[in-house]
Amino acid sequence: MLHTFSFHIHTMPELPEVETTRAGIAPHISGKAFAQVHIRQPKLRWPVNPDLAAVLSGQTVAAVSRRAKYLLIHTGAGYLIIHLGMSGSLRIYEPGQHPPPQKHDHADFEFADGTLLRFHDPRRFGAILWFAGALEHHPLLQHLGPEPLSAGFDTVYLQHTLAKQKRAIKLALMDNAVVVGVGNIYANEALFQAAITPTRAANSLQAHEYTALVAAVKDVLQRALAAGGSTLRDFVNSEGRSGYFQQHYAVYGRQNENCPRCGGLIYKITQGQRSSFYCPQCQH
DNA sequence: CTGTTCTCCTGTGGGC
DNA sequence: TGCCCACAGGAGAACA
């Protein structure tokens, strides 16, 4: 019996949000030169380089890309690497329209034309790093698996990669060395869509199940990305802080509710200190 | 190498 | 209305 309402609105930056953030800020900062950099709170996931302002001074943004959930702001001299953690967001403010910083506005990057890129992150699981080397050599990036939406993430790859792994399939799916960008929400949703129980050993799936899982991962992320493109608020001059997607999930956060497919009860269990949600009738 | 546990942090919501 | 506390989570670090 249901005696509470939940809306299942989650605002943490998963890969679709990070990609949308990339697309949102890129046109506003590309080709522009860093002018002022203010770090108000250097205690993030890792301490922000105290020399960051000096390092960035005068450098120009050559491109804004993304690898996994890392945003990469390229300059000729290196990369500003930004991770949004689980509560981070970026906003653009136009020249002459910079509101005073609010609580948790930890960093400001002001460009020569007056454009402001502001980093906001209540829980401070995010990161702002500078790296002057080749990206493939960065310790955080060098062991990453393929992008989930790339051709490299396919049935053959997944089956081969997991061939000797006895851990649960959900834990493998959330491992960045296997495939990047699949957080807890989308791991749960993809396994539901592929009708696979999250506790199955990673190497125990049948060939058609690896195929279904790859397709499901791509589908849930692609649909979130598509939804984000239409529902995300503008990064400039908008009400509200970040405008992350408001999405509806099939099983995530729905323990004790009815499965949208069979009507049975959705279960919640813990795997690797994370919540897993699944339908024991639909997932095998 | 594999598997497990800990850790960072603050907003939210339930219980009383 | 307020206090206390469990919980949420990305992902590296530490440890077994």
# chains A, B, ... in the order shown; residues from 1 in each chain; ligands from 1

$ closest_atom_pairs --of "chain B" --to "range 262-279 of chain A" --cutoff "12 Å" --atoms "only C-alpha atoms (C1' of nucleotides)" --output "Markdown table"
| residue | atom | partner | partner_atom | distance |
| --- | --- | --- | --- | --- |
| B:DG3 | C1' | A:Gly272 | CA | 10.1 |
| B:DT4 | C1' | A:Gly272 | CA | 7.9 |
| B:DT5 | C1' | A:Gly272 | CA | 8.8 |
| B:DC6 | C1' | A:Gln273 | CA | 10.5 |

$ write_last_selection --atoms "C-alpha atoms (C1' of nucleotides)" --output "PDB file, in the first residue's frame"
ATOM      1  C1'  DG B   3      37.091  -7.363  -3.813  1.00  0.00           C
ATOM      2  C1'  DT B   4      35.540  -4.502  -0.082  1.00  0.00           C
ATOM      3  C1'  DT B   5      35.228  -0.486   2.735  1.00  0.00           C
ATOM      4  C1'  DC B   6      36.101   4.281   3.650  1.00  0.00           C
TER       5       DC B   6
END

$ select_by_dssp --residues "range 124-220 of chain A" --states "strand (DSSP E or B)" --output "list in words"
Ala127, Ile128, Leu129, Trp130, Phe131, Ala168 and Ala201 of chain A

$ write_last_selection --atoms "N, CA and C atoms" --output "PDB file, in the first residue's frame"
ATOM      1  N   ALA A 127      35.457  18.925  -8.977  1.00  0.00           N
ATOM      2  CA  ALA A 127      36.891  19.182  -9.049  1.00  0.00           C
ATOM      3  C   ALA A 127      37.199  20.215 -10.126  1.00  0.00           C
ATOM      4  N   ILE A 128      38.231  21.003  -9.858  1.00  0.00           N
ATOM      5  CA  ILE A 128      38.768  21.940 -10.846  1.00  0.00           C
ATOM      6  C   ILE A 128      40.272  21.738 -10.857  1.00  0.00           C
ATOM      7  N   LEU A 129      40.764  21.202 -11.957  1.00  0.00           N
ATOM      8  CA  LEU A 129      42.180  20.835 -12.040  1.00  0.00           C
ATOM      9  C   LEU A 129      42.817  21.445 -13.279  1.00  0.00           C
ATOM     10  N   TRP A 130      44.091  21.659 -13.191  1.00  0.00           N
ATOM     11  CA  TRP A 130      44.858  22.105 -14.354  1.00  0.00           C
ATOM     12  C   TRP A 130      45.834  21.012 -14.728  1.00  0.00           C
ATOM     13  N   PHE A 131      45.918  20.706 -16.017  1.00  0.00           N
ATOM     14  CA  PHE A 131      46.856  19.681 -16.465  1.00  0.00           C
ATOM     15  C   PHE A 131      47.537  20.142 -17.742  1.00  0.00           C
ATOM     16  N   ALA A 168      29.220  -8.455  -9.452  1.00  0.00           N
ATOM     17  CA  ALA A 168      27.872  -8.226  -9.970  1.00  0.00           C
ATOM     18  C   ALA A 168      27.904  -7.348 -11.215  1.00  0.00           C
ATOM     19  N   ALA A 201      26.359 -12.372 -11.847  1.00  0.00           N
ATOM     20  CA  ALA A 201      27.795 -12.237 -12.085  1.00  0.00           C
ATOM     21  C   ALA A 201      28.016 -11.626 -13.466  1.00  0.00           C
TER      22      ALA A 201
END

$ interface_residues --of "chain C" --to "chain A" --cutoff "12 Å" --atoms "only C-alpha atoms (C1' of nucleotides)" --output "PyMOL selection string"
chain C and resi 7-12

$ interface_residues --of "chain B" --to "chain A" --cutoff "7 Å" --atoms "only C-alpha atoms (C1' of nucleotides)" --output "list in words"
DC8, DC9 and DT10 of chain B

$ closest_residue --among "A:Ala107, A:Leu173, A:Ile25, A:Leu52" --to "Asn203 in chain A" --atoms "only C-alpha atoms"
A:Leu173
